[in-house]
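Structure data follow from coords.cif (mmCIF, C-alpha atoms):
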data_target
loop_
_atom_site.label_atom_id
_atom_site.label_comp_id
_atom_site.auth_asym_id
_atom_site.auth_seq_id
_atom_site.Cartn_x
_atom_site.Cartn_y
_atom_site.Cartn_z
CA MET A 1 63.26 53.55 54.08
CA ASN A 2 66.65 52.17 53.16
CA PHE A 3 67.86 52.55 56.71
CA LEU A 4 65.04 50.43 58.11
CA SER A 5 66.04 47.62 55.78
CA ASN A 6 69.71 47.93 56.63
CA LYS A 7 70.85 44.48 57.62
CA TYR A 8 72.87 45.61 60.63
CA PHE A 9 69.97 47.69 61.91
CA GLN A 10 67.66 44.73 61.42
CA PHE A 11 70.12 42.43 63.15
CA ILE A 12 70.39 44.66 66.24
CA LEU A 13 66.63 45.11 66.34
CA ARG A 14 66.12 41.36 66.27
CA ILE A 15 68.65 40.72 69.05
CA VAL A 16 67.11 43.39 71.28
CA LEU A 17 63.49 42.41 70.70
CA GLY A 18 64.24 38.69 70.86
CA GLY A 19 66.26 39.19 74.04
CA LEU A 20 63.46 41.17 75.66
CA PHE A 21 60.97 38.44 74.88
CA ILE A 22 63.15 35.68 76.27
CA TYR A 23 63.82 37.81 79.35
CA ALA A 24 60.09 38.33 79.77
CA ALA A 25 59.26 34.66 79.25
CA LEU A 26 61.60 33.06 81.78
CA PRO A 27 59.97 34.19 85.07
CA LYS A 28 56.59 33.15 83.66
CA ILE A 29 57.89 29.72 82.68
CA PHE A 30 59.34 29.15 86.13
CA ASP A 31 56.32 30.46 88.06
CA PRO A 32 53.19 29.63 86.03
CA GLN A 33 50.91 30.06 89.06
CA ALA A 34 52.03 33.65 89.59
CA PHE A 35 51.63 34.43 85.91
CA ALA A 36 48.14 32.90 85.88
CA LYS A 37 47.28 35.16 88.78
CA ALA A 38 48.58 38.15 86.85
CA VAL A 39 46.51 37.20 83.79
CA GLY A 40 43.45 36.60 85.95
CA ASN A 41 43.80 40.03 87.53
CA TYR A 42 42.91 41.64 84.22
CA GLU A 43 39.44 40.12 84.64
CA MET A 44 39.06 39.73 80.89
CA LEU A 45 39.00 35.97 80.46
CA PRO A 46 37.16 33.08 82.10
CA VAL A 47 39.38 31.05 84.40
CA TRP A 48 40.09 28.19 81.99
CA LEU A 49 41.02 30.57 79.20
CA ALA A 50 43.22 32.66 81.50
CA HIS A 51 44.96 29.47 82.55
CA LEU A 52 45.36 28.34 78.95
CA ALA A 53 46.85 31.74 78.12
CA ALA A 54 49.18 31.49 81.09
CA MET A 55 50.29 28.03 79.95
CA VAL A 56 51.09 28.93 76.36
CA ILE A 57 52.06 32.64 76.30
CA PRO A 58 55.42 32.20 78.09
CA TYR A 59 56.48 29.47 75.67
CA ILE A 60 55.33 31.41 72.62
CA GLU A 61 57.29 34.40 73.89
CA PHE A 62 60.34 32.26 74.51
CA PHE A 63 60.35 30.52 71.13
CA ALA A 64 59.47 33.65 69.16
CA GLY A 65 62.33 35.49 70.90
CA THR A 66 64.70 32.63 70.17
CA PHE A 67 63.68 32.48 66.49
CA LEU A 68 64.25 36.22 66.16
CA ILE A 69 67.73 35.96 67.60
CA ILE A 70 68.88 32.98 65.59
CA GLY A 71 67.30 34.43 62.47
CA LYS A 72 65.25 31.37 61.63
CA PHE A 73 61.54 32.00 60.93
CA LYS A 74 62.23 35.63 61.77
CA LYS A 75 59.26 36.96 59.79
CA GLU A 76 56.98 34.48 61.50
CA ALA A 77 58.45 35.38 64.88
CA ALA A 78 57.97 39.09 64.16
CA LEU A 79 54.37 38.46 63.14
CA ILE A 80 53.65 36.38 66.25
CA ILE A 81 55.29 38.97 68.49
CA SER A 82 53.33 41.79 66.83
CA ALA A 83 50.07 39.91 67.35
CA MET A 84 50.92 39.28 71.02
CA LEU A 85 51.91 42.90 71.58
CA VAL A 86 48.60 44.06 70.07
CA ALA A 87 46.75 41.69 72.42
CA PHE A 88 48.79 42.91 75.42
CA LEU A 89 48.11 46.49 74.37
CA ILE A 90 44.37 45.87 74.34
CA ALA A 91 44.58 44.26 77.78
CA LEU A 92 46.66 47.12 79.19
CA VAL A 93 44.48 49.89 77.76
CA SER A 94 41.39 48.09 78.97
CA ALA A 95 42.87 47.71 82.47
CA LEU A 96 43.82 51.38 82.47
CA SER A 97 40.38 52.51 81.35
CA ARG A 98 38.69 50.36 83.99
CA GLY A 99 40.99 51.86 86.61
CA LEU A 100 42.31 48.43 87.66
CA ASN A 101 45.20 48.76 90.06
CA ILE A 102 47.07 45.67 88.98
CA ALA A 103 50.54 44.43 88.28
CA CYS A 104 51.30 44.24 84.59
CA GLY A 105 52.70 40.70 84.62
CA CYS A 106 54.89 41.79 81.73
CA PHE A 107 58.50 41.41 82.80
CA SER A 108 58.39 40.72 86.49
CA LEU A 109 55.76 38.96 88.50
CA ASP A 110 56.27 40.27 91.99
CA ASN A 111 55.45 43.94 91.80
CA ALA A 112 52.27 45.52 92.98
CA GLY A 113 50.77 47.63 90.24
CA SER A 114 50.03 51.28 89.90
CA THR A 115 48.43 53.41 87.21
CA SER A 116 51.71 55.06 86.22
CA ASP A 117 53.21 51.60 85.88
CA ILE A 118 50.50 50.60 83.43
CA VAL A 119 51.06 53.77 81.36
CA LEU A 120 54.79 52.99 81.22
CA ARG A 121 54.03 49.44 80.08
CA ILE A 122 51.79 50.76 77.34
CA ILE A 123 54.61 52.97 76.05
CA GLU A 124 57.01 50.01 76.16
CA ASP A 125 54.47 47.87 74.34
CA VAL A 126 54.07 50.43 71.53
CA LEU A 127 57.86 50.74 71.18
CA MET A 128 58.32 46.99 70.94
CA LEU A 129 55.41 46.75 68.52
CA SER A 130 57.08 49.32 66.25
CA GLY A 131 60.26 47.24 66.35
CA ALA A 132 58.41 44.04 65.51
CA LEU A 133 56.57 45.70 62.63
CA ILE A 134 59.82 47.10 61.24
CA ILE A 135 61.23 43.56 61.18
CA LEU A 136 58.05 42.20 59.67
CA ILE A 137 57.80 44.79 56.91
CA PHE A 138 61.31 45.95 56.15
CA ASP A 139 63.49 42.92 56.74
CA ARG A 140 64.56 41.70 53.31
CA ASN A 141 65.53 38.17 54.01
CA ILE A 142 64.83 37.16 50.44
CA LYS A 143 65.94 39.07 47.37
CA LEU A 144 65.06 38.04 43.91
CA ARG A 145 68.17 38.12 41.80
CA ASN A 146 68.12 36.10 38.64
CA ASN A 147 65.25 34.15 40.17
CA LYS A 148 67.47 32.98 42.99
CA GLU A 149 66.60 33.45 46.62
CA ILE A 150 69.47 34.93 48.58
CA GLN A 151 69.61 35.41 52.29
CA THR A 152 71.15 38.71 53.30
CA ILE A 153 71.92 37.79 56.86
CA MET B 1 54.71 36.29 44.51
CA ALA B 2 54.35 38.68 47.45
CA ASN B 3 50.96 37.22 48.15
CA SER B 4 52.07 33.62 48.35
CA LYS B 5 54.99 34.71 50.51
CA THR B 6 52.61 36.43 52.96
CA LYS B 7 50.41 33.36 52.98
CA LYS B 8 53.40 31.16 53.71
CA ILE B 9 54.45 33.35 56.66
CA LEU B 10 50.93 33.33 58.00
CA ILE B 11 50.56 29.57 57.79
CA SER B 12 53.95 28.82 59.34
CA SER B 13 53.20 31.34 62.12
CA ILE B 14 50.04 29.46 62.99
CA VAL B 15 51.89 26.14 62.90
CA ILE B 16 54.58 27.55 65.22
CA ILE B 17 51.96 28.89 67.65
CA LEU B 18 50.10 25.59 67.75
CA ALA B 19 53.26 23.53 68.21
CA VAL B 20 54.62 25.78 70.94
CA SER B 21 51.22 25.87 72.66
CA VAL B 22 51.19 22.09 72.81
CA ILE B 23 54.67 22.19 74.37
CA GLY B 24 53.51 24.74 76.96
CA ILE B 25 50.39 22.77 77.87
CA LEU B 26 52.28 19.47 78.13
CA ILE B 27 55.01 20.98 80.33
CA ASN B 28 52.37 22.42 82.66
CA LEU B 29 50.40 19.19 82.87
CA MET B 30 53.55 17.19 83.61
CA ASN B 31 54.68 19.66 86.27
CA PRO B 32 52.96 18.88 89.60
CA ASP B 33 52.95 22.59 90.40
CA GLY B 34 51.99 23.58 86.88
CA LEU B 35 48.70 25.08 85.82
CA ARG B 36 45.51 23.17 85.20
CA PHE B 37 42.51 24.33 83.21
CA LYS B 38 40.34 24.27 86.28
CA GLU B 39 41.18 26.56 89.12
CA LYS B 40 41.77 24.68 92.31
CA PRO B 41 38.86 25.29 94.67
CA VAL B 42 40.61 26.95 97.52
CA VAL B 43 38.60 29.60 99.26
CA THR B 44 37.02 28.45 102.48
CA ASP B 45 34.40 30.67 104.01
CA SER B 46 33.06 28.83 106.99
CA GLY B 47 34.39 27.05 110.01
CA THR B 48 32.89 23.74 108.91
CA GLY B 49 35.31 20.99 109.69
CA TYR B 50 37.39 23.24 111.89
CA ASN B 51 36.90 22.34 115.49
CA LEU B 52 37.53 25.72 117.02
CA ALA B 53 35.20 25.45 120.00
CA GLY B 54 37.10 26.13 123.18
CA PHE B 55 40.33 26.23 121.28
CA ARG B 56 42.83 28.96 122.03
CA ASN B 57 45.83 29.47 119.79
CA ASP B 58 49.20 30.38 121.28
CA PRO B 59 51.45 31.88 118.58
CA TYR B 60 54.50 31.79 120.85
CA ASP B 61 54.25 28.31 122.37
CA THR B 62 57.10 26.72 120.46
CA SER B 63 56.78 23.46 122.37
CA ASP B 64 53.29 22.79 121.10
CA THR B 65 53.00 20.02 118.57
CA LYS B 66 49.34 19.17 118.62
CA MET B 67 47.59 22.23 117.33
CA PRO B 68 47.00 21.60 113.65
CA THR B 69 45.58 18.16 114.24
CA ALA B 70 43.07 19.77 116.57
CA LEU B 71 41.85 21.57 113.49
CA GLY B 72 41.80 18.38 111.52
CA TYR B 73 42.48 19.56 107.99
CA LYS B 74 46.16 19.22 107.38
CA GLU B 75 48.01 17.09 104.92
CA LYS B 76 51.34 17.76 103.22
CA ASN B 77 51.15 18.55 99.53
CA ARG B 78 53.42 17.24 96.83
CA GLN B 79 56.06 19.84 97.60
CA GLY B 80 56.21 18.48 101.12
CA ILE B 81 54.71 21.58 102.70
CA TYR B 82 51.39 22.20 104.36
CA GLU B 83 49.49 24.01 101.67
CA PRO B 84 48.26 27.43 102.79
CA VAL B 85 44.49 27.75 102.77
CA LYS B 86 42.72 30.74 101.29
CA ILE B 87 40.04 31.98 103.63
CA THR B 88 37.38 34.67 103.65
CA TYR B 89 36.67 37.23 106.35
CA LYS B 90 34.34 34.92 108.28
CA LEU B 91 37.01 32.38 109.02
CA ALA B 92 39.66 35.08 109.40
CA LYS B 93 37.53 36.61 112.14
CA GLN B 94 37.06 33.22 113.80
CA PHE B 95 40.81 32.70 113.76
CA TYR B 96 41.28 36.22 115.11
CA ASP B 97 38.94 35.44 117.98
CA ILE B 98 40.99 32.43 119.01
CA ASN B 99 44.19 34.47 119.00
CA ALA B 100 45.74 33.45 115.67
CA LEU B 101 48.92 35.19 114.58
CA PHE B 102 48.25 37.74 111.84
CA ILE B 103 51.09 38.61 109.47
CA ASP B 104 50.80 41.86 107.54
CA GLY B 105 52.74 41.67 104.26
CA ARG B 106 52.39 45.32 103.31
CA GLU B 107 55.08 47.97 103.44
CA GLU B 108 55.87 49.51 106.82
CA ALA B 109 54.20 52.83 105.99
CA ASP B 110 50.89 51.08 105.18
CA TYR B 111 51.20 48.96 108.29
CA LYS B 112 51.75 52.04 110.45
CA ALA B 113 48.76 53.77 108.89
CA GLY B 114 46.56 50.98 110.17
CA HIS B 115 46.58 47.20 110.51
CA ILE B 116 44.61 44.31 111.98
CA LYS B 117 44.94 44.50 115.75
CA GLY B 118 47.92 42.53 116.99
CA ALA B 119 49.27 41.80 113.51
CA ILE B 120 53.01 41.60 112.94
CA ASN B 121 54.54 43.35 109.95
CA PHE B 122 56.68 41.41 107.45
CA PRO B 123 57.12 44.01 104.69
CA TYR B 124 57.34 41.83 101.59
CA THR B 125 60.12 43.77 99.86
CA GLU B 126 62.36 43.25 102.88
CA PHE B 127 61.17 39.73 103.61
CA PHE B 128 61.94 38.44 100.14
CA LYS B 129 65.42 39.96 100.19
CA MET B 130 66.33 38.05 103.34
CA THR B 131 68.57 35.00 103.31
CA GLN B 132 67.06 31.70 104.36
CA ASP B 133 68.93 31.87 107.69
CA LYS B 134 67.55 35.31 108.39
CA LYS B 135 64.01 34.11 107.70
CA ILE B 136 64.48 31.14 110.02
CA GLU B 137 65.86 33.46 112.69
CA LEU B 138 62.95 35.85 112.27
CA THR B 139 60.32 33.14 112.62
CA ARG B 140 62.03 31.06 115.30
CA ARG B 141 59.97 32.51 118.16
CA PHE B 142 56.66 31.49 116.61
CA ASN B 143 54.75 28.29 117.20
CA LYS B 144 55.27 26.22 114.05
CA ASN B 145 51.91 24.57 114.58
CA GLY B 146 50.02 27.70 115.48
CA ILE B 147 47.42 29.24 113.25
CA ILE B 148 48.83 31.97 111.03
CA VAL B 149 46.83 34.32 108.84
CA ALA B 150 48.75 36.26 106.18
CA TYR B 151 47.12 39.28 104.59
CA CYS B 152 47.90 42.41 102.63
CA SER B 153 45.81 45.30 101.39
CA GLY B 154 43.17 43.09 99.80
CA GLY B 155 41.73 43.37 96.33
CA LYS B 156 44.51 42.66 93.90
CA CYS B 157 47.47 42.28 96.22
CA GLU B 158 49.28 38.97 96.01
CA VAL B 159 51.87 39.53 98.66
CA SER B 160 49.87 37.61 101.26
CA ILE B 161 49.95 34.54 99.04
CA ASP B 162 53.70 34.75 98.51
CA ILE B 163 54.40 35.26 102.20
CA ALA B 164 52.06 32.42 103.16
CA TYR B 165 53.89 29.97 100.90
CA GLU B 166 57.23 31.17 102.20
CA LEU B 167 56.06 30.55 105.78
CA ALA B 168 54.77 27.11 104.82
CA ARG B 169 58.18 26.35 103.31
CA LEU B 170 59.75 27.45 106.59
CA GLY B 171 57.80 24.67 108.28
CA PHE B 172 54.64 26.33 109.50
CA THR B 173 51.73 23.96 109.32
CA SER B 174 48.59 26.07 109.61
CA VAL B 175 49.10 29.01 107.31
CA ASN B 176 46.04 30.79 105.96
CA ILE B 177 45.68 33.53 103.40
CA TYR B 178 43.07 36.17 104.08
CA LEU B 179 42.38 37.49 100.58
CA GLY B 180 39.99 40.24 101.63
CA GLY B 181 42.91 41.90 103.36
CA TYR B 182 43.04 45.00 105.46
CA SER B 183 40.54 47.01 103.41
CA GLU B 184 37.78 44.41 103.89
CA TRP B 185 38.64 43.88 107.54
CA GLU B 186 38.41 47.59 108.26
CA LYS B 187 35.18 47.91 106.27
CA ASN B 188 33.64 45.14 108.37
CA GLY B 189 34.44 47.11 111.49
CA TYR B 190 36.71 44.43 112.94
CA PRO B 191 39.43 45.42 115.44
CA VAL B 192 42.22 47.49 113.95
CA GLU B 193 45.19 49.29 115.38
CA LYS B 194 46.58 52.61 114.18
#

The structure in this file should be written as structure tokens.
Amino acid sequence: MNFLSNKYFQFILRIVLGGLFIYAALPKIFDPQAFAKAVGNYEMLPVWLAHLAAMVIPYIEFFAGTFLIIGKFKKEAALIISAMLVAFLIALVSALSRGLNIACGCFSLDNAGSTSDIVLRIIEDVLMLSGALIILIFDRNIKLRNNKEIQTI
Amino acid sequence: MANSKTKKILISSIVIILAVSVIGILINLMNPDGLRFKEKPVVTDSGTGYNLAGFRNDPYDTSDTKMPTALGYKEKNRQGIYEPVKITYKLAKQFYDINALFIDGREEADYKAGHIKGAINFPYTEFFKMTQDKKIELTRRFNKNGIIVAYCSGGKCEVSIDIAYELARLGFTSVNIYLGGYSEWEKNGYPVEK
């Protein structure tokens, strides 16, 4: 498990995952109505809750991604991202099992959905979730050495 | 030690989520086009308030300036456009009967497989790639004040909404969005063309 804790590996992982989240957040921030529509299409939440989710999720994605990249609150960011990815995974699997033919609303907001698209998004979600968990569990930002806290990166 | 560290991460995560959520909500509430907690009531399903009796729409009469006021429901929104109205099949059919212009936002193959009779195809992938000049050129021959109904396949498609807003931004004043789309129209046995 030494490799997973390797600081360069961790650094690259954080840049990639953080970058993906910022990239995913921007279209949603600029077109909240379209994102609300995408959330609503999952038919899982009442309107007000779907709208609340559409208001806050893009900003949480953006800030969590930014924190990961700059390396501040990276454990917190990894935890938040993991929690979001688990929630997205539940939504996607639920949509798939109900046979909903919807756009994911994950990275882009203007594509019509298809079942194969949803399966692809689920795979992406699991990959990103693994990355976030690796950061959460294996990133050693604090080492105890003579009772002093030392940042490795 | 590990335990208090975990607790600390958990607590600061919650604080971050709450703080960022407040930012997101505030930005949306301050943005005139942002989200609100209540969905705007938009779907109209009857002709109430629309004086359609004896009215005949001419989609190609570019000199006409009086049409939307005949319908009596138009006001510019905060973006300075005439907000497209979401309608159900009842009103869509009424508009069809008075010769409204139907715009089909689906891909060409779907359009060719069957569309609302007389509808014109603006495949959304092509339409959204066009430059502003091209869009103006494409829509020049249509009556800016005529009644337009945008639709797509129905169900979960959103293309009709996007195209409707684009047309409203191009200066059309009576744009409607028929959410039921082609599938509902066909199911109702209304006129189609294949």

So, with all atoms listed in the file as the atoms that count, which of B:Ala119, B:Val22, B:Ala113, B:Ala164 lies closest to Tyr82 (chain B)?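 Closest to Tyr82 (chain B) of all the choices is B:Ala164.
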
Local residues around (61.4, 44.6, 58.5), at most 12 Å away, using all atoms listed in the file, as a PyMOL selection string: chain A and resi 1-14+68+74-79+82+129-142

Please indicate the distance in Å from CA of Tyr42 (chain A) to CA of Val85 (chain B), rounded to one decimal place. 23.2 Å

I'd like the residues picked by the PyMOL selection byres ((chain B) within 8 of (chain A)) written out as a VMD selection string, using the chain letters and numbers from the file. chain B and resid 9 to 10 12 to 13 17 20 to 25 28 33 to 39 156 to 158

Grab the CA of Ala19 (chain B) to CA of Ala87 (chain A) distance for me, in Å with one decimal place. 19.7 Å

Would you work out the distance separating CA of Gly180 (chain B) from CA of Arg56 (chain B), expressed in Å to one decimal?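 Interatomic distance, CA of Gly180 (chain B) to CA of Arg56 (chain B): 23.5 Å.
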
Any chance you could work out the axis-aligned box around region 41-59 of chain A, listed atoms only, 6 Å on each side, giving centre and edge lengths in Å to one decimal, as AutoDock Vina command-line options?
--center_x 46.8 --center_y 34.8 --center_z 81.6 --size_x 31.3 --size_y 25.6 --size_z 23.9

Determine the residue membership of the PyMOL selection byres ((chain B and resi 124-128) around 8) for the file above and supply it as a ChimeraX atom specification. /B:105-107,122-123,129-130,135,159,163

Take region 147-183 of chain B, model N, CA and C atoms, and hand the result over as a short mmCIF file (atom, residue, chain, number, x, y, z; two decimals), keeping the file's coordinate frame.
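As written to disk, out-v6.cif reads:
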data_model
loop_
_atom_site.label_atom_id
_atom_site.label_comp_id
_atom_site.auth_asym_id
_atom_site.auth_seq_id
_atom_site.Cartn_x
_atom_site.Cartn_y
_atom_site.Cartn_z
N ILE B 147 48.18 28.77 114.40
CA ILE B 147 47.42 29.24 113.25
C ILE B 147 47.94 30.61 112.83
N ILE B 148 48.31 30.71 111.56
CA ILE B 148 48.83 31.97 111.03
C ILE B 148 47.89 32.46 109.93
N VAL B 149 47.63 33.74 109.92
CA VAL B 149 46.83 34.32 108.84
C VAL B 149 47.65 35.43 108.19
N ALA B 150 48.01 35.23 106.91
CA ALA B 150 48.75 36.26 106.18
C ALA B 150 47.76 37.12 105.40
N TYR B 151 48.00 38.41 105.37
CA TYR B 151 47.12 39.28 104.59
C TYR B 151 47.91 40.46 104.05
N CYS B 152 47.32 41.14 103.07
CA CYS B 152 47.90 42.41 102.63
C CYS B 152 46.75 43.39 102.44
N SER B 153 46.82 44.25 101.44
CA SER B 153 45.81 45.30 101.39
C SER B 153 44.45 44.79 100.91
N GLY B 154 44.43 43.60 100.32
CA GLY B 154 43.17 43.09 99.80
C GLY B 154 43.02 43.45 98.35
N GLY B 155 41.92 43.09 97.75
CA GLY B 155 41.73 43.37 96.33
C GLY B 155 42.73 42.60 95.50
N LYS B 156 43.63 43.33 94.85
CA LYS B 156 44.51 42.66 93.90
C LYS B 156 45.88 42.35 94.46
N CYS B 157 46.11 42.52 95.74
CA CYS B 157 47.47 42.28 96.22
C CYS B 157 47.73 40.78 96.35
N GLU B 158 48.93 40.39 96.01
CA GLU B 158 49.28 38.97 96.01
C GLU B 158 50.34 38.66 97.04
N VAL B 159 50.78 39.68 97.72
CA VAL B 159 51.87 39.53 98.66
C VAL B 159 51.54 38.51 99.74
N SER B 160 50.27 38.54 100.20
CA SER B 160 49.87 37.61 101.26
C SER B 160 50.07 36.17 100.83
N ILE B 161 49.79 35.90 99.55
CA ILE B 161 49.95 34.54 99.04
C ILE B 161 51.43 34.15 99.06
N ASP B 162 52.27 35.05 98.57
CA ASP B 162 53.70 34.75 98.51
C ASP B 162 54.28 34.53 99.91
N ILE B 163 53.88 35.40 100.84
CA ILE B 163 54.40 35.26 102.20
C ILE B 163 53.89 33.97 102.84
N ALA B 164 52.63 33.64 102.58
CA ALA B 164 52.06 32.42 103.16
C ALA B 164 52.83 31.19 102.70
N TYR B 165 53.15 31.13 101.40
CA TYR B 165 53.89 29.97 100.90
C TYR B 165 55.30 29.93 101.47
N GLU B 166 55.89 31.10 101.62
CA GLU B 166 57.23 31.17 102.20
C GLU B 166 57.20 30.63 103.64
N LEU B 167 56.17 31.02 104.40
CA LEU B 167 56.06 30.55 105.78
C LEU B 167 55.82 29.04 105.81
N ALA B 168 55.01 28.55 104.88
CA ALA B 168 54.77 27.11 104.82
C ALA B 168 56.07 26.37 104.51
N ARG B 169 56.88 26.97 103.62
CA ARG B 169 58.18 26.35 103.31
C ARG B 169 59.11 26.39 104.50
N LEU B 170 58.92 27.36 105.38
CA LEU B 170 59.75 27.45 106.59
C LEU B 170 59.28 26.46 107.66
N GLY B 171 58.22 25.72 107.36
CA GLY B 171 57.80 24.67 108.28
C GLY B 171 56.54 24.95 109.06
N PHE B 172 55.89 26.06 108.79
CA PHE B 172 54.64 26.33 109.50
C PHE B 172 53.53 25.47 108.89
N THR B 173 52.67 24.98 109.78
CA THR B 173 51.73 23.96 109.32
C THR B 173 50.30 24.46 109.14
N SER B 174 49.97 25.59 109.71
CA SER B 174 48.59 26.07 109.61
C SER B 174 48.53 27.50 109.06
N VAL B 175 49.06 27.67 107.87
CA VAL B 175 49.10 29.01 107.31
C VAL B 175 47.84 29.26 106.48
N ASN B 176 47.25 30.41 106.70
CA ASN B 176 46.04 30.79 105.96
C ASN B 176 46.28 32.11 105.25
N ILE B 177 45.56 32.29 104.16
CA ILE B 177 45.68 33.53 103.40
C ILE B 177 44.33 34.22 103.44
N TYR B 178 44.32 35.42 104.02
CA TYR B 178 43.07 36.17 104.08
C TYR B 178 43.06 37.14 102.89
N LEU B 179 42.34 36.74 101.84
CA LEU B 179 42.38 37.49 100.58
C LEU B 179 41.70 38.85 100.68
N GLY B 180 40.69 38.96 101.52
CA GLY B 180 39.99 40.24 101.63
C GLY B 180 40.91 41.36 102.12
N GLY B 181 41.89 40.96 102.94
CA GLY B 181 42.91 41.90 103.36
C GLY B 181 42.42 42.99 104.28
N TYR B 182 43.32 43.95 104.48
CA TYR B 182 43.04 45.00 105.46
C TYR B 182 41.81 45.83 105.09
N SER B 183 41.66 46.13 103.80
CA SER B 183 40.54 47.01 103.41
C SER B 183 39.19 46.39 103.80
#
